[in-house]
Structures are given as C-alpha cells and as structure tokens.
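Data file: work.txt. Format and content: compact mmCIF, C-alpha atoms and all ligand atoms.
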# COMPACT_ATOMS: atom_id res chain seq x y z
CA MET A 1 64.46 -66.59 66.94
CA THR A 2 65.51 -63.43 68.85
CA SER A 3 63.53 -62.77 72.00
CA LYS A 4 61.42 -59.64 72.17
CA GLU A 5 63.57 -58.29 75.04
CA THR A 6 66.53 -58.35 72.66
CA LEU A 7 64.52 -57.05 69.71
CA VAL A 8 63.68 -53.77 71.44
CA ILE A 9 67.41 -53.21 72.02
CA HIS A 10 68.30 -54.07 68.40
CA PRO A 11 65.31 -52.81 66.39
CA PRO A 12 64.94 -53.55 62.66
CA GLU A 13 67.08 -51.27 60.50
CA VAL A 14 65.54 -49.11 57.79
CA GLU A 15 67.84 -48.40 54.89
CA LEU A 16 67.34 -45.67 52.33
CA ALA A 17 68.31 -46.50 48.75
CA ALA A 18 71.14 -44.32 47.39
CA ASP A 19 68.67 -42.54 45.04
CA ASN A 20 66.20 -41.82 47.86
CA ARG A 21 67.45 -39.02 50.12
CA SER A 22 65.91 -37.05 52.94
CA LEU A 23 65.75 -33.36 52.05
CA VAL A 24 66.51 -32.26 55.61
CA ALA A 25 69.51 -33.96 57.16
CA PRO A 26 68.43 -36.42 59.86
CA ILE A 27 69.27 -35.72 63.49
CA TYR A 28 72.06 -38.08 64.51
CA GLN A 29 70.67 -38.53 68.00
CA SER A 30 73.32 -41.05 68.92
CA VAL A 31 76.24 -40.69 71.29
CA LYS A 32 78.16 -43.57 69.70
CA PHE A 33 79.14 -44.48 66.14
CA GLU A 34 80.55 -47.88 65.24
CA PHE A 35 82.80 -49.23 62.49
CA ASP A 36 82.71 -52.72 60.95
CA ASP A 37 86.38 -53.24 61.55
CA VAL A 38 88.36 -52.75 64.79
CA ASP A 39 91.39 -51.41 62.88
CA GLU A 40 89.21 -48.64 61.44
CA VAL A 41 88.28 -47.58 64.98
CA SER A 42 91.99 -47.19 65.76
CA LYS A 43 92.59 -45.28 62.54
CA ASN A 44 89.71 -42.95 63.34
CA SER A 45 91.03 -42.35 66.86
CA ARG A 46 94.42 -41.44 65.39
CA GLY A 47 92.76 -39.02 62.95
CA GLU A 48 93.86 -41.09 59.94
CA ARG A 49 90.37 -41.33 58.44
CA SER A 50 87.15 -39.38 58.59
CA GLY A 51 84.46 -40.65 60.90
CA PHE A 52 82.67 -40.25 64.17
CA GLN A 53 82.96 -42.23 67.39
CA TYR A 54 81.61 -40.24 70.30
CA SER A 55 79.36 -37.18 70.20
CA ARG A 56 81.25 -35.17 72.82
CA VAL A 57 84.08 -35.12 70.26
CA SER A 58 81.91 -34.62 67.18
CA ASN A 59 78.67 -35.68 65.53
CA PRO A 60 77.37 -35.28 61.95
CA THR A 61 74.54 -32.95 62.99
CA LEU A 62 77.00 -30.79 64.96
CA GLN A 63 79.44 -30.80 62.06
CA GLN A 64 76.83 -29.59 59.57
CA LEU A 65 76.12 -26.61 61.82
CA GLU A 66 79.86 -25.94 62.24
CA LEU A 67 80.39 -25.92 58.47
CA THR A 68 77.40 -23.58 57.96
CA LEU A 69 78.54 -21.05 60.56
CA ALA A 70 82.21 -21.05 59.46
CA ALA A 71 81.13 -20.34 55.87
CA LEU A 72 78.79 -17.51 56.95
CA GLN A 73 81.49 -15.84 59.06
CA GLY A 74 84.04 -16.31 56.26
CA ARG A 75 86.53 -18.53 58.12
CA ASP A 76 87.66 -22.18 57.69
CA SER A 77 86.53 -23.86 60.87
CA CYS A 78 84.16 -23.76 63.78
CA LEU A 79 83.59 -25.44 67.14
CA VAL A 80 79.98 -25.46 68.28
CA THR A 81 79.56 -25.30 72.07
CA ALA A 82 76.80 -25.78 74.64
CA SER A 83 76.24 -22.01 75.16
CA GLY A 84 77.63 -18.66 74.09
CA VAL A 85 79.43 -18.30 77.39
CA ALA A 86 81.03 -21.71 76.83
CA ALA A 87 82.31 -20.45 73.46
CA VAL A 88 83.82 -17.28 75.00
CA ASN A 89 85.39 -19.28 77.82
CA LEU A 90 86.71 -22.04 75.60
CA ALA A 91 88.42 -19.49 73.36
CA LEU A 92 89.97 -17.64 76.32
CA LEU A 93 91.03 -20.79 78.20
CA SER A 94 92.59 -22.47 75.21
CA LEU A 95 94.46 -19.38 74.00
CA CYS A 96 95.89 -18.25 77.37
CA LYS A 97 98.40 -19.69 79.79
CA GLN A 98 99.73 -18.62 83.19
CA GLY A 99 101.56 -15.30 83.03
CA ASP A 100 99.84 -14.12 79.83
CA HIS A 101 98.35 -10.63 79.67
CA VAL A 102 94.88 -9.95 78.23
CA VAL A 103 93.17 -6.65 77.34
CA LEU A 104 89.40 -6.37 77.79
CA PHE A 105 86.94 -3.50 77.89
CA ALA A 106 84.48 -2.22 80.48
CA GLU A 107 81.78 -2.41 77.81
CA ALA A 108 82.22 -6.22 77.53
CA TYR A 109 79.52 -8.78 78.21
CA GLN A 110 79.47 -9.31 81.97
CA PRO A 111 80.31 -13.06 82.08
CA THR A 112 83.31 -12.37 79.80
CA ARG A 113 84.61 -9.84 82.32
CA MET A 114 83.98 -12.35 85.11
CA MET A 115 85.86 -15.07 83.25
CA ILE A 116 88.93 -12.92 82.73
CA ARG A 117 89.01 -11.12 86.06
CA ARG A 118 87.76 -13.82 88.39
CA ILE A 119 88.57 -17.18 86.86
CA LEU A 120 91.57 -16.64 84.57
CA GLY A 121 92.97 -14.31 87.26
CA ARG A 122 92.98 -17.29 89.65
CA TYR A 123 95.19 -19.17 87.20
CA GLY A 124 97.71 -16.35 86.81
CA VAL A 125 96.43 -14.63 83.66
CA ARG A 126 96.85 -10.85 84.07
CA HIS A 127 94.56 -8.28 82.49
CA THR A 128 94.07 -4.60 81.77
CA MET A 129 90.56 -3.18 81.43
CA LEU A 130 90.02 -0.06 79.33
CA SER A 131 87.11 1.68 77.66
CA ILE A 132 86.52 0.59 74.05
CA GLU A 133 86.72 4.32 73.20
CA ASP A 134 90.26 4.63 74.61
CA LEU A 135 92.39 3.64 71.62
CA ALA A 136 95.32 5.77 72.85
CA GLY A 137 95.20 3.79 76.09
CA LEU A 138 95.16 0.55 74.11
CA GLU A 139 98.22 1.61 72.13
CA ARG A 140 100.05 2.53 75.34
CA VAL A 141 99.20 -0.78 77.07
CA LEU A 142 100.25 -2.82 74.03
CA LYS A 143 103.57 -0.94 73.88
CA GLU A 144 104.26 -1.39 77.58
CA THR A 145 103.03 -4.94 78.16
CA PRO A 146 103.44 -7.96 75.88
CA THR A 147 99.82 -9.02 75.32
CA ARG A 148 98.48 -12.42 74.33
CA LEU A 149 95.05 -11.27 73.22
CA ILE A 150 92.53 -8.45 73.03
CA THR A 151 88.87 -9.35 73.42
CA PHE A 152 86.07 -6.99 72.38
CA GLU A 153 82.52 -6.65 71.07
CA SER A 154 80.82 -4.33 68.59
CA PRO A 155 78.23 -2.92 68.86
CA THR A 156 78.68 -3.12 72.63
CA ASN A 157 76.00 -4.18 75.07
CA PRO A 158 73.79 -2.23 75.84
CA ILE A 159 75.12 1.23 74.89
CA LEU A 160 75.92 0.20 71.28
CA LYS A 161 79.35 1.79 71.02
CA ILE A 162 81.19 0.81 67.86
CA ALA A 163 84.69 -0.67 68.20
CA ASP A 164 87.05 0.81 65.59
CA LEU A 165 87.96 -2.52 63.98
CA PRO A 166 90.59 -1.32 61.45
CA ARG A 167 92.54 0.44 64.21
CA ILE A 168 92.17 -2.26 66.87
CA THR A 169 93.18 -5.08 64.48
CA ALA A 170 96.13 -3.06 63.13
CA MET A 171 97.41 -2.35 66.65
CA ALA A 172 96.98 -6.01 67.63
CA LYS A 173 98.97 -7.20 64.59
CA GLU A 174 101.71 -4.67 65.19
CA HIS A 175 102.16 -5.84 68.77
CA GLY A 176 101.63 -9.59 68.16
CA ALA A 177 98.37 -9.88 70.10
CA LEU A 178 95.52 -12.14 68.98
CA THR A 179 92.07 -10.59 68.52
CA VAL A 180 89.00 -12.38 69.89
CA MET A 181 85.74 -10.74 68.87
CA ASP A 182 82.39 -11.64 70.41
CA ASN A 183 80.31 -10.98 67.28
CA THR A 184 76.92 -11.96 68.73
CA PHE A 185 75.37 -8.49 68.34
CA ALA A 186 76.44 -8.00 64.71
CA GLY A 187 75.78 -11.54 63.48
CA PHE A 188 77.61 -13.99 61.20
CA HIS A 189 77.23 -11.87 58.06
CA ASN A 190 79.16 -8.93 59.53
CA HIS A 191 82.83 -8.18 60.28
CA GLY A 192 84.31 -11.14 58.38
CA GLN A 193 86.31 -8.71 56.20
CA TYR A 194 88.46 -7.58 59.14
CA ASP A 195 91.69 -9.24 60.21
CA ILE A 196 90.14 -10.78 63.33
CA ASP A 197 91.67 -14.06 64.52
CA VAL A 198 88.80 -15.60 66.47
CA PHE A 199 85.07 -14.92 66.39
CA VAL A 200 82.79 -16.15 69.14
CA HIS A 201 78.99 -16.14 69.01
CA SER A 202 76.07 -16.97 71.23
CA LEU A 203 73.83 -19.13 69.04
CA THR A 204 71.10 -18.59 71.64
CA LYS A 205 70.42 -15.21 70.03
CA TYR A 206 70.09 -14.67 66.24
CA ALA A 207 71.11 -18.21 65.16
CA SER A 208 68.44 -20.19 66.98
CA GLY A 209 66.28 -17.08 66.71
CA HIS A 210 63.20 -18.26 68.58
CA GLY A 211 64.34 -18.06 72.19
CA ASP A 212 64.09 -21.81 72.70
CA VAL A 213 67.60 -23.24 72.22
CA MET A 214 71.03 -22.42 73.66
CA GLY A 215 74.36 -22.79 71.91
CA GLY A 216 77.65 -21.09 71.08
CA ALA A 217 80.35 -21.11 68.43
CA VAL A 218 84.06 -20.38 68.11
CA ILE A 219 85.03 -19.60 64.49
CA ALA A 220 88.62 -19.19 63.26
CA SER A 221 91.28 -20.46 60.86
CA LYS A 222 91.79 -24.20 60.51
CA GLU A 223 95.10 -23.94 62.38
CA LEU A 224 93.66 -22.11 65.40
CA ILE A 225 90.63 -24.40 65.64
CA GLN A 226 92.86 -27.48 65.38
CA ALA A 227 94.96 -26.12 68.23
CA MET A 228 91.84 -25.52 70.35
CA ARG A 229 90.08 -28.80 69.58
CA PRO A 230 91.84 -31.00 72.20
CA ASP A 231 90.91 -28.47 74.93
CA PHE A 232 87.35 -28.31 73.60
CA ILE A 233 86.96 -32.09 73.78
CA THR A 234 88.50 -32.20 77.26
CA ILE A 235 86.36 -29.36 78.64
CA GLY A 236 83.31 -31.16 77.28
CA ALA A 237 80.91 -28.27 76.66
CA THR A 238 79.61 -29.85 73.42
CA LEU A 239 76.13 -29.13 72.09
CA ASP A 240 73.57 -31.93 71.93
CA PRO A 241 72.66 -33.04 68.36
CA HIS A 242 68.99 -32.18 68.79
CA ALA A 243 69.86 -28.60 69.76
CA CYS A 244 72.25 -28.49 66.76
CA PHE A 245 69.38 -29.55 64.52
CA LEU A 246 67.08 -26.84 65.89
CA ILE A 247 69.73 -24.17 65.38
CA GLN A 248 70.46 -25.43 61.86
CA ARG A 249 66.74 -25.12 61.16
CA GLY A 250 66.72 -21.64 62.70
CA MET A 251 69.52 -20.62 60.30
CA LYS A 252 67.19 -21.10 57.32
CA THR A 253 65.35 -17.93 58.34
CA TYR A 254 68.40 -16.12 59.78
CA PHE A 255 68.61 -13.45 57.06
CA LEU A 256 64.83 -12.96 56.86
CA ARG A 257 64.60 -12.48 60.61
CA TYR A 258 67.68 -10.29 60.84
CA ASP A 259 66.49 -8.01 58.01
CA ARG A 260 63.04 -7.66 59.53
CA GLN A 261 64.44 -7.02 63.00
CA CYS A 262 66.77 -4.32 61.67
CA ALA A 263 63.93 -2.65 59.74
CA ASN A 264 61.68 -2.72 62.83
CA ALA A 265 64.52 -1.46 65.05
CA LEU A 266 65.12 1.56 62.81
CA VAL A 267 61.40 2.47 62.82
CA ILE A 268 61.38 2.21 66.62
CA ALA A 269 64.61 4.19 67.05
CA GLN A 270 63.18 6.99 64.89
CA PHE A 271 59.89 6.93 66.78
CA LEU A 272 61.61 7.12 70.17
CA GLU A 273 63.86 9.95 68.99
CA SER A 274 60.73 12.00 68.20
CA GLN A 275 59.25 11.55 71.71
CA PRO A 276 59.55 14.38 74.27
CA ALA A 277 59.72 11.90 77.20
CA VAL A 278 62.88 10.38 75.72
CA GLU A 279 66.22 11.96 76.66
CA ARG A 280 68.41 10.15 74.15
CA VAL A 281 68.25 7.19 71.74
CA ARG A 282 71.24 5.04 70.88
CA TYR A 283 71.02 3.08 67.63
CA PRO A 284 74.01 2.83 65.24
CA GLY A 285 71.66 3.25 62.28
CA LEU A 286 70.55 6.73 63.39
CA PRO A 287 72.53 9.70 62.02
CA SER A 288 72.51 11.05 65.61
CA HIS A 289 74.64 8.11 66.82
CA PRO A 290 78.11 9.57 67.55
CA GLN A 291 79.77 6.79 65.52
CA HIS A 292 77.16 6.47 62.76
CA LEU A 293 79.74 6.89 59.98
CA LEU A 294 82.08 4.29 61.51
CA ALA A 295 79.10 1.93 61.97
CA LYS A 296 78.10 2.45 58.32
CA SER A 297 81.62 1.69 57.13
CA GLN A 298 81.91 -1.52 59.19
CA LEU A 299 78.42 -3.02 59.21
CA LYS A 300 75.95 -4.13 56.53
CA ASP A 301 73.07 -3.38 58.92
CA PHE A 302 72.65 -2.16 62.49
CA GLY A 303 70.99 -4.94 64.49
CA SER A 304 67.88 -5.34 66.59
CA VAL A 305 68.94 -3.66 69.83
CA VAL A 306 67.78 -0.09 70.53
CA THR A 307 68.86 1.54 73.78
CA PHE A 308 67.44 4.79 75.16
CA GLU A 309 67.18 6.94 78.24
CA LEU A 310 63.96 8.29 79.68
CA LYS A 311 63.85 11.76 81.19
CA GLY A 312 61.92 10.45 84.21
CA GLY A 313 64.78 8.36 85.67
CA LEU A 314 64.53 4.94 87.29
CA ALA A 315 60.89 5.17 88.35
CA ALA A 316 59.75 6.12 84.83
CA ALA A 317 61.90 3.40 83.26
CA LYS A 318 60.38 0.78 85.56
CA LYS A 319 56.83 1.96 84.91
CA PHE A 320 57.53 2.05 81.17
CA ALA A 321 58.85 -1.53 81.07
CA GLU A 322 55.95 -2.81 83.17
CA SER A 323 53.40 -1.05 80.94
CA LEU A 324 54.57 -2.70 77.72
CA ALA A 325 52.32 -5.49 76.50
CA LEU A 326 54.23 -6.83 73.49
CA PHE A 327 57.77 -6.59 74.93
CA ALA A 328 58.60 -9.27 77.50
CA THR A 329 60.69 -8.03 80.44
CA VAL A 330 63.63 -10.38 80.18
CA SER A 331 67.30 -10.37 79.21
CA SER A 332 68.57 -11.87 75.94
CA LEU A 333 68.12 -10.56 72.41
CA GLY A 334 67.87 -11.51 68.79
CA SER A 335 64.73 -13.60 68.99
CA THR A 336 61.45 -13.39 67.06
CA ASP A 337 59.80 -11.84 70.12
CA SER A 338 60.42 -8.28 71.27
CA LEU A 339 62.05 -7.89 74.69
CA VAL A 340 62.76 -5.03 77.10
CA LEU A 341 65.39 -4.71 79.83
CA PRO A 342 64.85 -2.01 82.45
CA PRO A 343 67.89 -0.40 84.13
CA GLN A 344 68.04 -2.62 87.23
CA HIS A 345 68.90 -5.56 84.99
CA LEU A 346 71.58 -3.67 83.11
CA ALA A 347 73.57 -2.39 86.09
CA PRO A 348 77.15 -3.57 85.71
CA ALA A 349 78.41 -5.60 88.67
CA GLY A 350 81.92 -5.68 90.07
CA MET A 351 83.13 -2.41 88.56
CA ASN A 352 84.68 0.67 90.15
CA PRO A 353 83.08 4.10 89.53
CA GLU A 354 85.40 4.93 86.63
CA GLU A 355 84.68 1.60 84.91
CA ARG A 356 80.96 2.08 85.49
CA ARG A 357 81.20 5.48 83.80
CA TRP A 358 82.93 3.85 80.81
CA SER A 359 80.10 1.32 80.57
CA GLY A 360 77.74 4.25 79.93
CA ILE A 361 74.81 2.58 81.71
CA THR A 362 72.69 4.88 83.88
CA GLU A 363 69.54 4.57 86.00
CA GLN A 364 67.53 5.75 83.00
CA THR A 365 68.89 3.25 80.48
CA VAL A 366 66.35 0.93 78.84
CA ARG A 367 67.36 -1.72 76.28
CA LEU A 368 64.93 -3.03 73.68
CA SER A 369 65.54 -6.14 71.60
CA VAL A 370 63.21 -5.76 68.65
CA GLY A 371 61.45 -8.82 67.24
CA ILE A 372 59.65 -9.54 63.99
CA GLU A 373 56.14 -8.41 64.97
CA ALA A 374 54.39 -5.75 62.84
CA SER A 375 56.29 -2.49 63.45
CA ALA A 376 53.07 -0.46 63.80
CA ASP A 377 51.97 -2.69 66.70
CA LEU A 378 55.34 -2.31 68.40
CA VAL A 379 55.29 1.49 67.99
CA GLY A 380 51.72 1.57 69.34
CA ASP A 381 52.77 -0.43 72.38
CA LEU A 382 55.76 1.85 73.04
CA ALA A 383 53.55 4.93 72.69
CA GLN A 384 51.00 3.72 75.26
CA ALA A 385 53.75 2.70 77.70
CA LEU A 386 55.49 6.08 77.33
CA ALA A 387 52.18 7.83 78.06
CA LYS A 388 51.85 5.83 81.30
CA ALA A 389 55.48 6.35 82.34
CA VAL A 390 55.55 10.18 82.25
C1 LIG B 1 74.10 -13.72 75.27
C2 LIG B 1 75.51 -13.36 74.99
C3 LIG B 1 76.54 -14.24 75.32
C4 LIG B 1 76.32 -15.54 76.06
O1 LIG B 1 75.52 -16.42 75.38
P1 LIG B 1 74.69 -17.60 76.11
O2 LIG B 1 74.27 -18.40 74.94
O3 LIG B 1 73.59 -16.95 76.87
O4 LIG B 1 75.65 -18.32 77.01
C5 LIG B 1 77.82 -13.85 75.04
N1 LIG B 1 78.09 -12.67 74.44
C6 LIG B 1 77.12 -11.80 74.11
C7 LIG B 1 77.48 -10.51 73.47
C8 LIG B 1 75.79 -12.11 74.37
O5 LIG B 1 74.83 -11.23 74.06
Could you spell out this file's structure in structure tokens?
Amino acid sequence: MTSKETLVIHPPEVELAADNRSLVAPIYQSVKFEFDDVDEVSKNSRGERSGFQYSRVSNPTLQQLELTLAALQGRDSCLVTASGVAAVNLALLSLCKQGDHVVLFAEAYQPTRMMIRRILGRYGVRHTMLSIEDLAGLERVLKETPTRLITFESPTNPILKIADLPRITAMAKEHGALTVMDNTFAGFHNHGQYDIDVFVHSLTKYASGHGDVMGGAVIASKELIQAMRPDFITIGATLDPHACFLIQRGMKTYFLRYDRQCANALVIAQFLESQPAVERVRYPGLPSHPQHLLAKSQLKDFGSVVTFELKGGLAAAKKFAESLALFATVSSLGSTDSLVLPPQHLAPAGMNPEERRWSGITEQTVRLSVGIEASADLVGDLAQALAKAV
C-alpha cells in the first residue's frame, strides 16, 4: 500500500483510448519527458529518434506552434522564443561572428538597433546604418564591404515606409548577404513569396492577439534552423508551454482579427485624412501614401497601424492622446484593443540628427494601433479627442 505522501507525487494516471481524442491538443505542462528504456534516452539525445526530453530544448505544445507558424509563413521550420526581441537577437547572434559586417536601417525597431550597435558591436560585429529609402547607398555598401546579413522591416515602425523587397533581396543575393526580415508588422500571411532567408516575428502582437502573452519566432529553411538550433538551446530563451498554448489558441482567430483590424484601420485613416487639424496621415492602404503602389504589389493587406501628424505640435498630440477614451496610451500593437502612442514615446534614442531625420519621427507624430472594436465608435472617439486637442 503506497503512502499518501507518495501518492500525491505519483498520482493515478488517466489514459485515453485510441478512439477517444481531445479536440484541442493538451498543454504539455511538463519540463521532463521519460522513456521506458535507457537506450532510447541515449538515441533521443543523439537525434536518432523522435521524442522529447527537456522543455528548454523542445516540447510538444511548442512544436505544434512552430509547425503552424512555419506553414503560415511558407517556410520549413521555426524556433519559438520567449519574446520577439529574443527571436531577433537569436537570429542575429547565431548568424554572425566576430569580424562580420551587418547592414541595418534607421527605421528599425529600437531594440534591434541596440542589439547590433551596442551588443554585437562589443563582440566585434561591424555595422552600417542607412535609411531604408537609400537603395543606392545599400548597393554601394554591399559592393564595398563583404556583408554577412541585411536586417530590415516593412512596413517600418512607426512611419510605415515600405521596404522594396524585390530590390533588397536581389542585391543581397548578388552580394552573398543573408536577409533577415522582422515581419511583425505585416504578419505571417505576407511576404512569404520573396526570397527572404530568415523571418522573425513578435508573437506578442498579432499572433497572441489579446495583449496578454509574450513570444517570438524565427522562421527559415530547415537547414538554417538546424544550424541555429544548438545556439537557441544554449541561449535558453524558450517559451513556456502554457504561453505556447495561449498563442496557438490566439492563432485560431488570427485572420478574423487581422482582417477586421485592417478594415477598421482604413476607415480611421480615411477619417483622419479628412480632418483639418491633421497635417498628414501615413497608412500604406491610402492612395496618398508615397509608396502605395509598392505596398499594393507586396502586401495582401495593410495592417492595423495608422500614423499621423497633428498641426498643433507636441502639446496638441499630448492633449489628443490623453483625451481618447477607447485607445489606451501604451506601446505595442496588433491586439484586439485599440492603442495610441504619443510622440514622446516614439522618439528614437541613440541616433545622430541625420539618422533621426531618416527615422521620420517628429514632435507631432502619433501612432495608432487599431483594434477590433466597432469602427464607428473608434471614429467617434477620435473626433471628440481631435476637437479637444485643437
Ligand atoms: C514588438 C516588436 C518586437 C519585439 O517583440 P517583443 O515580443 O515585445 O519582445 C520586435 N519587432 C517589432 C517590429 C515589434 O513591433
């Protein structure tokens, strides 16, 4: 008779019959996985059989999410990470070594710039920073300096410039540089048709979708992911199975949410463009966007971020953001809830005046991330806040 102290450690097992399956995959909330036979453990460690041993390395719930995301982005393999930043950093760290040269853009996500300039720089990785609009500069740099990789985003944050993907990927191939695209803004259903080597995503945004879970993903060919995997396991920024489950659940409504967000964003962009207090609206789906035709040729849809400038400057932008009732004043994007970022939170850090000019961010810049609320309510809220701000 087992004592009750032992029983709570080894609870009764519940087995499902083979013809009785759970419709939603269970959460494998276990760090460890055992085998019946010690030799099988060794085989699994040597990669000679399929199986799981330790959840920092992999886990069935994590693997289901990896398979889903790789298929959506149109590549073979995926590594799911603890945050979007972890995905960016894992890709950069595992692809670069001392002495390599990297090209990045002033319009890049701030932590990506920090990683390359501050951290990789410490380990002897050199870089050149350009504007994403300066393709002649890119060509010149690639000709002059052997380059390991080019990292970029499109649409860029928060000004929504469109990277010319056919030209950037062609130049990269010609000069033997890898391309690493942070595709968070465009989503998993966009850009897969281009010859891009590595995609990274923040799953915190559109994938989880509800603003309550963090995660990231690196998506690439089987060969590239296999080459990165030992670094990934060693760095240890794996996502917990419960978070993987929540993101997998979020993915069920990914297309519904994305479609609704894009439709709402277009209505809002058009509304703002008609307002006298608004200096300029930036949304790739508007014919007034300077790269609208390029955006239309590259993207299936134009995303949930709408950026605009108010005529009244910083004071008006602050008053506007504070007067909104339905838009929370917070960074992040791609969630069910609408969000607003006033200019103080957009100001690029650690850039010289020329780089700041390339970033396109001014004291008047306001970024909206449009959620899935009723568009008429969102427009009403924007209208009352504009009235207070001018
Ligand atoms: C949010 C974001 C990230 C970082 O993602 P986290 O999950 O917050 O670490 C990286 N790139 C882009 C473009 C983002 O918007």
- Find the residues near His101 of chain A: any atom within 8 Å, counting only C-alpha atoms, skip ones fewer than 6 places away on the same chain, and give them as number ranges by chain. A: 125-128, 145-149
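Between atom CA of Arg282 of chain A and atom CA of Leu165 of chain A the interatomic distance comes to 19.6 Å.
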Near ligand LIG 1 (chain B), 9 Å: chain A residue rows, closest pairs, only C-alpha atoms and all ligand atoms, as a Markdown table:
| residue | atom | partner | partner_atom | distance |
| --- | --- | --- | --- | --- |
| A:Ala82 | CA | B:LIG1 | O2 | 7.8 |
| A:Ser83 | CA | B:LIG1 | O2 | 4.1 |
| A:Gly84 | CA | B:LIG1 | O1 | 3.3 |
| A:Val85 | CA | B:LIG1 | O4 | 3.8 |
| A:Ala86 | CA | B:LIG1 | O4 | 6.4 |
| A:Ala87 | CA | B:LIG1 | O4 | 7.8 |
| A:Val88 | CA | B:LIG1 | C5 | 6.9 |
| A:Ala108 | CA | B:LIG1 | C7 | 7.6 |
| A:Tyr109 | CA | B:LIG1 | C7 | 5.4 |
| A:Gln110 | CA | B:LIG1 | N1 | 8.4 |
| A:Pro111 | CA | B:LIG1 | C5 | 7.5 |
| A:Thr112 | CA | B:LIG1 | C5 | 7.4 |
| A:Glu153 | CA | B:LIG1 | C7 | 6.8 |
| A:Ser154 | CA | B:LIG1 | C7 | 8.6 |
| A:Pro155 | CA | B:LIG1 | C7 | 8.9 |
| A:Thr156 | CA | B:LIG1 | C7 | 7.5 |
| A:Asn157 | CA | B:LIG1 | C7 | 6.7 |
| A:Asp182 | CA | B:LIG1 | C7 | 5.9 |
| A:Asn183 | CA | B:LIG1 | C7 | 6.8 |
| A:Thr184 | CA | B:LIG1 | C7 | 5.0 |
| A:Phe185 | CA | B:LIG1 | C7 | 5.9 |
| A:Val200 | CA | B:LIG1 | N1 | 7.9 |
| A:His201 | CA | B:LIG1 | N1 | 6.5 |
| A:Ser202 | CA | B:LIG1 | O1 | 4.2 |
| A:Leu203 | CA | B:LIG1 | O2 | 6.0 |
| A:Thr204 | CA | B:LIG1 | O2 | 4.6 |
| A:Lys205 | CA | B:LIG1 | C1 | 6.6 |
| A:Val213 | CA | B:LIG1 | O2 | 8.7 |
| A:Met214 | CA | B:LIG1 | O2 | 5.3 |
| A:Gly215 | CA | B:LIG1 | O2 | 5.3 |
| A:Gly216 | CA | B:LIG1 | O2 | 5.8 |
| A:Ser331 | CA | B:LIG1 | C1 | 8.5 |
| A:Ser332 | CA | B:LIG1 | C1 | 5.9 |
| A:Leu333 | CA | B:LIG1 | O5 | 6.9 |
| A:Gly334 | CA | B:LIG1 | O5 | 8.7 |
Who sits within 12 Å of segment 325-328 of chain A, all atoms listed in the file, same chain under 5 positions skipped, as a short mmCIF file (atom, residue, chain, number, x, y, z; two decimals) with C-alpha atoms, in the coordinates of the input:
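Result file result-v5.cif:
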data_model
loop_
_atom_site.label_atom_id
_atom_site.label_comp_id
_atom_site.auth_asym_id
_atom_site.auth_seq_id
_atom_site.Cartn_x
_atom_site.Cartn_y
_atom_site.Cartn_z
CA GLY A 211 64.34 -18.06 72.19
CA PHE A 320 57.53 2.05 81.17
CA LEU A 333 68.12 -10.56 72.41
CA SER A 335 64.73 -13.60 68.99
CA THR A 336 61.45 -13.39 67.06
CA ASP A 337 59.80 -11.84 70.12
CA SER A 338 60.42 -8.28 71.27
CA LEU A 339 62.05 -7.89 74.69
CA VAL A 340 62.76 -5.03 77.10
CA LEU A 341 65.39 -4.71 79.83
CA PRO A 342 64.85 -2.01 82.45
CA ARG A 367 67.36 -1.72 76.28
CA LEU A 368 64.93 -3.03 73.68
CA SER A 369 65.54 -6.14 71.60
CA VAL A 370 63.21 -5.76 68.65
CA GLY A 371 61.45 -8.82 67.24
CA ILE A 372 59.65 -9.54 63.99
CA GLU A 373 56.14 -8.41 64.97
CA ALA A 374 54.39 -5.75 62.84
CA SER A 375 56.29 -2.49 63.45
CA ALA A 376 53.07 -0.46 63.80
CA ASP A 377 51.97 -2.69 66.70
CA LEU A 378 55.34 -2.31 68.40
CA VAL A 379 55.29 1.49 67.99
CA GLY A 380 51.72 1.57 69.34
CA ASP A 381 52.77 -0.43 72.38
CA LEU A 382 55.76 1.85 73.04
CA ALA A 383 53.55 4.93 72.69
CA GLN A 384 51.00 3.72 75.26
CA ALA A 385 53.75 2.70 77.70
#
- Message: For a test of reading the model, state the distance in Å between atom CA of Ala349 of chain A and atom CA of Phe105 of chain A, rounded to one decimal.
- Response: 13.9 Å
All residues 6 Å or closer to segment 31-37 of chain A, all atoms listed in the file, same chain fewer than 6 positions away omitted, as an mmCIF file with C-alpha atoms, in the coordinates of the input:
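Just written: part_3.cif:
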data_model
loop_
_atom_site.group_PDB
_atom_site.id
_atom_site.type_symbol
_atom_site.label_atom_id
_atom_site.label_comp_id
_atom_site.auth_asym_id
_atom_site.auth_seq_id
_atom_site.Cartn_x
_atom_site.Cartn_y
_atom_site.Cartn_z
ATOM 1 C CA PHE A 52 82.670 -40.250 64.170
ATOM 2 C CA GLN A 53 82.960 -42.230 67.390
ATOM 3 C CA TYR A 54 81.610 -40.240 70.300
ATOM 4 C CA SER A 55 79.360 -37.180 70.200
#
- Interatomic distance (Å, one decimal) between atom CA of Met181 of chain A and atom CA of Asn264 of chain A: 26.1 Å
